[in-house]
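Chemist: Handing over entry-v5.txt, compact mmCIF, C-alpha atoms.
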```txt
# COMPACT_ATOMS: atom_id res chain seq x y z
CA MET Z 264 11.30 95.33 -26.00
CA THR Z 265 10.76 98.00 -23.34
CA PRO Z 266 10.49 97.16 -19.60
CA PRO Z 267 6.76 98.08 -19.34
CA ILE Z 268 5.95 95.71 -22.23
CA LYS Z 269 8.05 92.97 -20.64
CA ALA Z 270 6.24 93.57 -17.35
CA ALA Z 271 2.88 93.21 -19.14
CA LEU Z 272 4.00 89.89 -20.64
CA TRP Z 273 5.11 88.60 -17.25
CA MET Z 274 1.77 89.70 -15.77
CA SER Z 275 -0.02 87.59 -18.39
CA GLY Z 276 1.69 84.58 -16.79
CA ALA Z 277 0.51 85.70 -13.37
CA ILE Z 278 -3.05 86.17 -14.65
CA PHE Z 279 -3.13 82.67 -16.16
CA SER Z 280 -1.69 81.11 -13.00
CA PHE Z 281 -4.03 82.91 -10.58
CA THR Z 282 -7.01 81.96 -12.77
CA ALA Z 283 -5.99 78.29 -12.80
CA MET Z 284 -5.56 78.38 -9.02
CA ALA Z 285 -9.05 79.80 -8.53
CA ILE Z 286 -10.59 77.05 -10.67
CA ALA Z 287 -8.64 74.32 -8.89
CA ALA Z 288 -9.54 75.69 -5.46
CA ARG Z 289 -13.21 75.74 -6.41
CA GLU Z 290 -13.02 72.10 -7.51
CA ILE Z 291 -11.70 70.90 -4.13
CA SER Z 292 -13.36 73.41 -1.77
CA GLN Z 293 -15.87 70.78 -0.60
CA THR Z 294 -13.02 68.54 0.63
CA HIS Z 295 -10.26 70.89 1.82
CA ASP Z 296 -10.52 74.14 3.75
CA SER Z 297 -8.41 77.16 2.82
CA PHE Z 298 -5.70 76.37 5.39
CA GLU Z 299 -5.21 72.86 3.98
CA ILE Z 300 -5.08 74.22 0.44
CA MET Z 301 -2.53 76.85 1.44
CA ALA Z 302 -0.38 74.29 3.26
CA ALA Z 303 -0.35 71.87 0.32
CA ARG Z 304 0.29 74.67 -2.16
CA SER Z 305 3.23 76.02 -0.20
CA ILE Z 306 4.84 72.61 0.45
CA ILE Z 307 4.68 71.74 -3.25
CA GLY Z 308 5.97 75.20 -4.10
CA LEU Z 309 8.84 74.89 -1.62
CA VAL Z 310 9.96 71.62 -3.23
CA LEU Z 311 9.87 73.29 -6.66
CA VAL Z 312 11.83 76.33 -5.51
CA LEU Z 313 14.47 74.21 -3.77
CA GLY Z 314 14.77 72.00 -6.84
CA PHE Z 315 15.22 75.01 -9.09
CA GLY Z 316 17.73 76.55 -6.68
CA LEU Z 317 19.74 73.33 -6.63
CA LEU Z 318 19.76 72.92 -10.43
CA SER Z 319 20.60 76.57 -11.07
CA GLY Z 320 23.21 76.83 -8.33
CA GLN Z 321 21.31 79.61 -6.53
CA LEU Z 322 20.75 77.91 -3.17
CA ALA Z 323 23.37 80.17 -1.61
CA ARG Z 324 21.24 83.22 -2.49
CA MET Z 325 18.26 82.08 -0.41
CA PRO Z 326 19.47 83.25 3.03
CA THR Z 327 18.68 86.90 3.65
CA GLN Z 328 19.36 89.74 6.04
CA ARG Z 329 15.78 90.99 5.60
CA LEU Z 330 13.97 88.10 7.26
CA SER Z 331 11.50 90.37 9.05
CA GLY Z 332 10.46 91.88 5.73
CA HIS Z 333 9.75 88.42 4.30
CA PHE Z 334 7.87 87.40 7.45
CA TRP Z 335 5.48 90.36 7.39
CA ARG Z 336 5.00 90.16 3.64
CA ASN Z 337 3.98 86.52 3.86
CA LEU Z 338 1.86 86.91 6.97
CA VAL Z 339 -0.16 89.65 5.22
CA HIS Z 340 -0.49 87.55 2.07
CA PHE Z 341 -1.47 84.40 3.97
CA THR Z 342 -4.19 86.32 5.81
CA ALA Z 343 -5.50 87.93 2.62
CA GLN Z 344 -5.52 84.63 0.73
CA ASN Z 345 -7.53 82.88 3.42
CA LEU Z 346 -10.01 85.75 3.64
CA TRP Z 347 -10.47 85.42 -0.13
CA PHE Z 348 -11.01 81.66 0.00
CA TRP Z 349 -13.54 82.01 2.83
CA SER Z 350 -15.47 84.81 1.12
CA LEU Z 351 -15.93 82.57 -1.93
CA THR Z 352 -18.07 80.26 0.19
CA VAL Z 353 -20.42 82.86 1.70
CA ILE Z 354 -21.12 85.57 -0.92
CA PRO Z 355 -21.69 85.55 -4.71
CA LEU Z 356 -18.60 85.13 -6.88
CA ALA Z 357 -19.29 88.42 -8.68
CA GLN Z 358 -19.05 90.29 -5.39
CA VAL Z 359 -15.83 88.52 -4.42
CA PHE Z 360 -14.10 89.29 -7.70
CA ALA Z 361 -15.36 92.87 -7.85
CA LEU Z 362 -14.06 93.58 -4.36
CA GLU Z 363 -10.79 91.71 -4.95
CA PHE Z 364 -10.05 93.81 -8.00
CA THR Z 365 -10.12 97.01 -6.02
CA SER Z 366 -6.61 95.89 -5.01
CA PRO Z 367 -4.82 97.71 -7.89
CA ILE Z 368 -6.65 100.88 -6.89
CA TRP Z 369 -5.17 100.58 -3.40
CA VAL Z 370 -1.72 99.96 -4.92
CA ILE Z 371 -1.94 103.11 -7.04
CA LEU Z 372 -3.10 105.17 -4.05
CA LEU Z 373 -0.61 103.72 -1.54
CA SER Z 374 2.51 103.39 -3.72
CA PRO Z 375 3.34 107.12 -3.50
CA LEU Z 376 3.28 106.86 0.31
CA PHE Z 377 5.24 103.61 0.75
CA LEU Z 378 7.28 103.29 -2.45
CA GLY Z 379 7.86 106.89 -3.42
CA GLU Z 380 6.23 106.38 -6.80
CA ARG Z 381 4.65 109.38 -8.49
CA LEU Z 382 0.86 109.41 -8.85
CA THR Z 383 0.30 110.93 -12.27
CA ARG Z 384 -2.99 111.96 -13.76
CA ALA Z 385 -2.72 109.14 -16.30
CA LYS Z 386 -2.27 106.50 -13.59
CA ALA Z 387 -5.16 107.87 -11.54
CA PHE Z 388 -7.38 108.00 -14.63
CA ALA Z 389 -6.37 104.46 -15.62
CA ALA Z 390 -7.18 103.21 -12.13
CA GLY Z 391 -10.54 104.94 -12.25
CA LEU Z 392 -11.34 103.34 -15.60
CA GLY Z 393 -10.35 99.93 -14.31
CA PHE Z 394 -12.57 100.26 -11.27
CA ALA Z 395 -15.44 101.57 -13.42
CA GLY Z 396 -15.04 98.55 -15.69
CA ILE Z 397 -15.30 96.22 -12.73
CA LEU Z 398 -18.48 97.91 -11.53
CA ILE Z 399 -19.97 97.67 -15.03
CA LEU Z 400 -19.02 94.00 -15.28
CA ALA Z 401 -19.94 92.69 -11.84
CA ARG Z 402 -22.41 95.30 -10.54
CA PRO Z 403 -21.79 94.33 -6.89
CA ASP Z 404 -24.29 95.21 -4.20
CA LEU Z 405 -22.20 96.91 -1.53
CA THR Z 406 -25.13 98.20 0.50
CA ASN Z 407 -25.21 95.03 2.60
CA LEU Z 408 -21.89 94.84 4.46
CA THR Z 409 -22.02 91.21 5.56
CA PRO Z 410 -19.00 89.42 7.05
CA GLY Z 411 -18.37 87.88 3.63
CA VAL Z 412 -18.28 91.29 1.95
CA LEU Z 413 -15.92 92.63 4.63
CA ALA Z 414 -13.68 89.56 4.23
CA ALA Z 415 -13.45 90.05 0.46
CA ALA Z 416 -12.72 93.76 0.92
CA GLY Z 417 -10.07 92.92 3.52
CA SER Z 418 -8.44 90.44 1.15
CA ALA Z 419 -8.20 93.14 -1.54
CA LEU Z 420 -6.45 95.51 0.85
CA GLY Z 421 -4.18 92.65 1.96
CA PHE Z 422 -3.24 91.79 -1.64
CA ALA Z 423 -2.42 95.44 -2.28
CA ALA Z 424 -0.20 95.54 0.81
CA THR Z 425 1.49 92.33 -0.36
CA SER Z 426 2.29 93.89 -3.73
CA ILE Z 427 3.81 96.94 -2.06
CA LEU Z 428 5.86 94.82 0.34
CA THR Z 429 7.00 92.65 -2.58
CA LYS Z 430 8.08 95.72 -4.55
CA ARG Z 431 10.13 96.88 -1.56
CA LEU Z 432 11.79 93.46 -1.29
CA THR Z 433 12.73 93.48 -4.98
CA ARG Z 434 15.01 96.40 -4.17
CA GLY Z 435 17.98 94.29 -3.21
CA GLU Z 436 16.57 90.78 -2.92
CA ALA Z 437 16.89 88.11 -5.62
CA ILE Z 438 13.65 86.67 -6.99
CA ILE Z 439 14.70 83.16 -5.88
CA THR Z 440 15.07 84.50 -2.32
CA ILE Z 441 11.57 86.02 -2.34
CA LEU Z 442 10.06 82.79 -3.69
CA PHE Z 443 11.91 80.64 -1.15
CA TRP Z 444 10.68 82.59 1.86
CA LEU Z 445 7.21 82.86 0.33
CA THR Z 446 6.80 79.09 0.16
CA ALA Z 447 8.69 78.39 3.41
CA PHE Z 448 6.75 80.83 5.60
CA GLN Z 449 3.38 80.00 4.09
CA ALA Z 450 3.98 76.26 4.44
CA ILE Z 451 4.60 76.85 8.15
CA PHE Z 452 1.55 79.10 8.51
CA GLY Z 453 -0.64 76.62 6.62
CA LEU Z 454 0.49 73.60 8.64
CA LEU Z 455 -0.06 75.42 11.93
CA ALA Z 456 -3.53 76.59 10.89
CA ALA Z 457 -4.71 73.41 9.09
CA GLY Z 458 -5.56 71.65 12.35
CA HIS Z 459 -7.40 74.61 13.91
CA ASP Z 460 -10.67 72.68 13.84
CA GLY Z 461 -9.13 69.41 15.08
CA LEU Z 462 -9.59 67.79 11.68
CA VAL Z 463 -7.14 67.52 8.80
CA ASN Z 464 -8.36 66.19 5.46
CA TRP Z 465 -5.44 64.58 3.66
CA PRO Z 466 -5.20 64.66 -0.16
CA THR Z 467 -7.15 61.99 -2.02
CA ALA Z 468 -6.70 60.55 -5.49
CA GLN Z 469 -9.30 63.06 -6.68
CA THR Z 470 -7.93 66.17 -4.98
CA LEU Z 471 -4.16 65.55 -5.28
CA PRO Z 472 -3.90 66.59 -8.97
CA TRP Z 473 -5.73 69.83 -8.20
CA LEU Z 474 -3.46 70.49 -5.22
CA VAL Z 475 -0.37 69.89 -7.38
CA LEU Z 476 -1.75 72.30 -9.98
CA ILE Z 477 -2.33 74.91 -7.26
CA GLY Z 478 1.23 74.41 -5.98
CA ILE Z 479 2.81 74.79 -9.43
CA CYS Z 480 0.66 77.77 -10.39
CA GLY Z 481 1.30 79.39 -7.01
CA VAL Z 482 5.03 79.50 -7.73
CA LEU Z 483 4.57 80.57 -11.35
CA ALA Z 484 2.12 83.32 -10.35
CA HIS Z 485 4.47 84.86 -7.81
CA LEU Z 486 7.50 84.41 -10.09
CA SER Z 487 5.65 86.29 -12.83
CA LEU Z 488 4.35 88.99 -10.48
CA THR Z 489 7.69 89.54 -8.76
CA THR Z 490 9.54 89.73 -12.09
CA ALA Z 491 6.98 92.23 -13.42
CA LEU Z 492 7.47 94.39 -10.33
CA THR Z 493 11.23 94.49 -10.97
CA LEU Z 494 10.58 95.84 -14.47
CA ALA Z 495 7.98 98.55 -13.87
CA PRO Z 496 6.37 100.54 -11.04
CA ALA Z 497 3.71 98.78 -8.98
CA SER Z 498 1.15 101.40 -10.05
CA VAL Z 499 1.72 100.33 -13.67
CA VAL Z 500 1.97 96.57 -13.09
CA MET Z 501 -1.03 95.96 -10.86
CA PRO Z 502 -3.79 97.48 -13.07
CA ILE Z 503 -2.91 94.83 -15.68
CA ASP Z 504 -4.35 92.29 -13.23
CA PHE Z 505 -7.81 93.69 -14.08
CA VAL Z 506 -7.78 91.37 -17.11
CA ARG Z 507 -8.38 88.44 -14.79
CA LEU Z 508 -11.99 89.41 -14.10
CA PRO Z 509 -13.37 89.20 -17.66
CA LEU Z 510 -11.17 86.15 -18.21
CA ILE Z 511 -12.64 84.29 -15.24
CA SER Z 512 -16.12 85.19 -16.49
CA ILE Z 513 -15.37 83.54 -19.83
CA VAL Z 514 -13.86 80.50 -18.10
CA GLY Z 515 -16.97 80.22 -15.94
CA ALA Z 516 -19.14 80.17 -19.05
CA LEU Z 517 -17.05 77.51 -20.79
CA ALA Z 518 -16.31 75.28 -17.79
CA TYR Z 519 -19.44 75.66 -15.67
CA GLY Z 520 -22.09 76.73 -18.15
CA GLU Z 521 -22.53 80.15 -16.58
CA ALA Z 522 -24.18 82.68 -18.88
CA ILE Z 523 -22.01 85.58 -20.01
CA ASP Z 524 -23.70 88.84 -19.15
CA PRO Z 525 -23.46 91.50 -21.91
CA PHE Z 526 -21.97 93.77 -19.26
CA VAL Z 527 -18.88 91.50 -19.26
CA LEU Z 528 -17.91 92.71 -22.73
CA GLY Z 529 -18.53 96.36 -21.89
CA GLY Z 530 -16.71 96.17 -18.57
CA GLY Z 531 -13.82 94.27 -20.16
CA ALA Z 532 -13.44 96.94 -22.84
CA VAL Z 533 -13.23 99.69 -20.21
CA ILE Z 534 -10.67 97.66 -18.24
CA PHE Z 535 -8.47 97.16 -21.30
CA LEU Z 536 -8.69 100.89 -22.07
CA GLY Z 537 -7.45 101.71 -18.58
CA ILE Z 538 -4.52 99.29 -18.90
CA TRP Z 539 -3.59 100.69 -22.31
CA ILE Z 540 -3.59 104.26 -20.98
CA SER Z 541 -1.44 103.27 -17.98
CA ILE Z 542 1.21 101.46 -20.05
CA ARG Z 543 1.28 104.16 -22.74
CA ALA Z 544 1.76 106.87 -20.12
CA GLU Z 545 4.64 104.93 -18.56
CA LEU Z 546 6.31 104.48 -21.96
CA ARG Z 547 5.96 108.21 -22.64
CA GLU Z 548 7.50 109.08 -19.27
CA ARG Z 549 10.45 106.77 -19.92
CA ARG Z 550 11.08 108.34 -23.34
CA ILE Z 551 11.03 111.82 -21.83
CA SER Z 552 13.41 110.84 -19.00
CA THR Z 553 15.92 109.39 -21.46
```
When written as structure tokens, how does the structure in this file appear?
Modeler:
Amino acid sequence: MTPPIKAALWMSGAIFSFTAMAIAAREISQTHDSFEIMAARSIIGLVLVLGFGLLSGQLARMPTQRLSGHFWRNLVHFTAQNLWFWSLTVIPLAQVFALEFTSPIWVILLSPLFLGERLTRAKAFAAGLGFAGILILARPDLTNLTPGVLAAAGSALGFAATSILTKRLTRGEAIITILFWLTAFQAIFGLLAAGHDGLVNWPTAQTLPWLVLIGICGVLAHLSLTTALTLAPASVVMPIDFVRLPLISIVGALAYGEAIDPFVLGGGAVIFLGIWISIRAELRERRIST
């Protein structure tokens, strides 16, 4: 199995985990704000990472000489994640998801500048198809730049920056190290920010299972994403994340009775075409180079 195919399989784990997190966060958004959710997620994730490190004998690999790189990566991600959570409460979901999924476009455009990756015609065309598919599917109204729209757009740019910073860290850092500092830093950020309004809502019997699910999926999502980025260029890996938009539309129909717009199928088909072109181009480049 070639590295691009392996990367695509790992990204399927990330897509499932991020989707489950979105559903869980929606279920408890009336009780917990985004800072409380992030704090709980990161604390649970930190326990899981430490447990895995202890059982696998990799605890010694967690210290790093690149602490500043981990700090900035997690500060950017923490900011982007909270902007995303807040935008969900003030603008339509279709707008949030459409804007969020411009993130792979930013990765493709920025990776040549910050990662030295080559921007081929195939990658640019695949990114364009993915973005076109999102517009077909969600049809967002971007003429009204409200604070919610700007927050969602900012989160997309932040997620793209996180992916680039993660890719840079994978060049020399073990995955267990990246996951450890991810959960450690974001637990600290979440705890410091959770009391910003003078009120902390502690987990209840109803919200605790959802918080645990978010914590587990948070670790699995970043494990899958980080592993995928070690196997293939960021400009190949990130467009695969487009699959999450049609998937969440189907989940919304099944779980919340939301009608599936016919544009979902058309947009999803265009998205899959873009992903297929991107992966096929990468496979062709690897065959030529070998």
Chemist: Excluding Asp504 in chain Z and its own-chain neighbours fewer than 6 positions away, which residues fall within 12 Å of it when counting only C-alpha atoms? Please give them as a VMD selection string.
Modeler: chain Z and resid 270 to 282 360 363 to 368 370 390 393 to 394 397 422 to 423 426 484 487 to 488 491 497 to 498 510 to 511 531 534 to 535 537 to 538
Chemist: Any chance you could export the current selection's C-alpha atoms as an mmCIF file, in the coordinates of the input?
Modeler:
```cif
data_model
loop_
_atom_site.group_PDB
_atom_site.id
_atom_site.type_symbol
_atom_site.label_atom_id
_atom_site.label_comp_id
_atom_site.auth_asym_id
_atom_site.auth_seq_id
_atom_site.Cartn_x
_atom_site.Cartn_y
_atom_site.Cartn_z
ATOM 1 C CA ALA Z 270 6.240 93.570 -17.350
ATOM 2 C CA ALA Z 271 2.880 93.210 -19.140
ATOM 3 C CA LEU Z 272 4.000 89.890 -20.640
ATOM 4 C CA TRP Z 273 5.110 88.600 -17.250
ATOM 5 C CA MET Z 274 1.770 89.700 -15.770
ATOM 6 C CA SER Z 275 -0.020 87.590 -18.390
ATOM 7 C CA GLY Z 276 1.690 84.580 -16.790
ATOM 8 C CA ALA Z 277 0.510 85.700 -13.370
ATOM 9 C CA ILE Z 278 -3.050 86.170 -14.650
ATOM 10 C CA PHE Z 279 -3.130 82.670 -16.160
ATOM 11 C CA SER Z 280 -1.690 81.110 -13.000
ATOM 12 C CA PHE Z 281 -4.030 82.910 -10.580
ATOM 13 C CA THR Z 282 -7.010 81.960 -12.770
ATOM 14 C CA PHE Z 360 -14.100 89.290 -7.700
ATOM 15 C CA GLU Z 363 -10.790 91.710 -4.950
ATOM 16 C CA PHE Z 364 -10.050 93.810 -8.000
ATOM 17 C CA THR Z 365 -10.120 97.010 -6.020
ATOM 18 C CA SER Z 366 -6.610 95.890 -5.010
ATOM 19 C CA PRO Z 367 -4.820 97.710 -7.890
ATOM 20 C CA ILE Z 368 -6.650 100.880 -6.890
ATOM 21 C CA VAL Z 370 -1.720 99.960 -4.920
ATOM 22 C CA ALA Z 390 -7.180 103.210 -12.130
ATOM 23 C CA GLY Z 393 -10.350 99.930 -14.310
ATOM 24 C CA PHE Z 394 -12.570 100.260 -11.270
ATOM 25 C CA ILE Z 397 -15.300 96.220 -12.730
ATOM 26 C CA PHE Z 422 -3.240 91.790 -1.640
ATOM 27 C CA ALA Z 423 -2.420 95.440 -2.280
ATOM 28 C CA SER Z 426 2.290 93.890 -3.730
ATOM 29 C CA ALA Z 484 2.120 83.320 -10.350
ATOM 30 C CA SER Z 487 5.650 86.290 -12.830
ATOM 31 C CA LEU Z 488 4.350 88.990 -10.480
ATOM 32 C CA ALA Z 491 6.980 92.230 -13.420
ATOM 33 C CA ALA Z 497 3.710 98.780 -8.980
ATOM 34 C CA SER Z 498 1.150 101.400 -10.050
ATOM 35 C CA LEU Z 510 -11.170 86.150 -18.210
ATOM 36 C CA ILE Z 511 -12.640 84.290 -15.240
ATOM 37 C CA GLY Z 531 -13.820 94.270 -20.160
ATOM 38 C CA ILE Z 534 -10.670 97.660 -18.240
ATOM 39 C CA PHE Z 535 -8.470 97.160 -21.300
ATOM 40 C CA GLY Z 537 -7.450 101.710 -18.580
ATOM 41 C CA ILE Z 538 -4.520 99.290 -18.900
#
```
Chemist: List every residue of range 296-322 of chain Z that has an atom at most 8 Å from any atom of range 441-457 of chain Z, and for each one report the closest atom pair and its distance in Å to one decimal, counting all atoms listed in the file, with rows sorted by chain and then by increasing residue number, as JSON lines.
Modeler:
```
{"residue": "Z:Asp296", "atom": "CA", "partner": "Z:Ala457", "partner_atom": "CA", "distance": 7.9}
{"residue": "Z:Phe298", "atom": "CA", "partner": "Z:Ala457", "partner_atom": "CA", "distance": 4.8}
{"residue": "Z:Glu299", "atom": "CA", "partner": "Z:Ala457", "partner_atom": "CA", "distance": 5.2}
{"residue": "Z:Ile300", "atom": "CA", "partner": "Z:Gly453", "partner_atom": "CA", "distance": 8.0}
{"residue": "Z:Met301", "atom": "CA", "partner": "Z:Gly453", "partner_atom": "CA", "distance": 5.5}
{"residue": "Z:Ala302", "atom": "CA", "partner": "Z:Gly453", "partner_atom": "CA", "distance": 4.1}
{"residue": "Z:Ala303", "atom": "CA", "partner": "Z:Ala450", "partner_atom": "CA", "distance": 7.4}
{"residue": "Z:Arg304", "atom": "CA", "partner": "Z:Ala450", "partner_atom": "CA", "distance": 7.7}
{"residue": "Z:Ser305", "atom": "CA", "partner": "Z:Ala450", "partner_atom": "CA", "distance": 4.7}
{"residue": "Z:Ile306", "atom": "CA", "partner": "Z:Ala450", "partner_atom": "CA", "distance": 5.5}
{"residue": "Z:Gly308", "atom": "CA", "partner": "Z:Thr446", "partner_atom": "CA", "distance": 5.8}
{"residue": "Z:Leu309", "atom": "CA", "partner": "Z:Thr446", "partner_atom": "CA", "distance": 5.0}
{"residue": "Z:Val312", "atom": "CA", "partner": "Z:Phe443", "partner_atom": "CA", "distance": 6.1}
{"residue": "Z:Leu313", "atom": "CA", "partner": "Z:Phe443", "partner_atom": "CA", "distance": 7.4}
```
Chemist: Could you work out how far CA of Thr440 in chain Z lies from CA of Gly320 in chain Z, giving the answer in Å with one decimal?
Modeler: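 Interatomic distance, CA of Gly320 in chain Z to CA of Thr440 in chain Z: 12.7 Å.
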Chemist: What gap, in Å, lies between CA of Ser319 in chain Z and CA of Lys269 in chain Z?
Modeler: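 About the pair CA of Ser319 in chain Z and CA of Lys269 in chain Z: they are 22.8 Å apart.
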Chemist: Can you work out which one of Z:Ile439, Z:Leu322, Z:Met501, Z:Leu317 has the shortest atom-to-atom distance to Ile371 in chain Z, counting only C-alpha atoms?
Modeler: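 Checking each of Z:Ile439, Z:Leu322, Z:Met501, Z:Leu317 against Ile371 in chain Z, counting only C-alpha atoms, the winner is Z:Met501.
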Chemist: With distances taken over only C-alpha atoms, which residue among Z:Ala288, Z:Ala419, Z:Leu376, Z:Ile503 lies nearest Leu471 in chain Z?
Modeler: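 The answer is Z:Ala288, which sits nearest to Leu471 in chain Z.
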Chemist: Hey, can you check how far CA of Gly421 in chain Z sits from CA of Thr342 in chain Z?
Modeler: 7.4 Å
Chemist: With all atoms listed in the file as the basis for distance, which of Z:Leu372, Z:Gln358, Z:Arg434, Z:Leu351 is at the shortest distance from Thr406 in chain Z?
Modeler: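 Of all the options, Z:Gln358 lies closest to Thr406 in chain Z.
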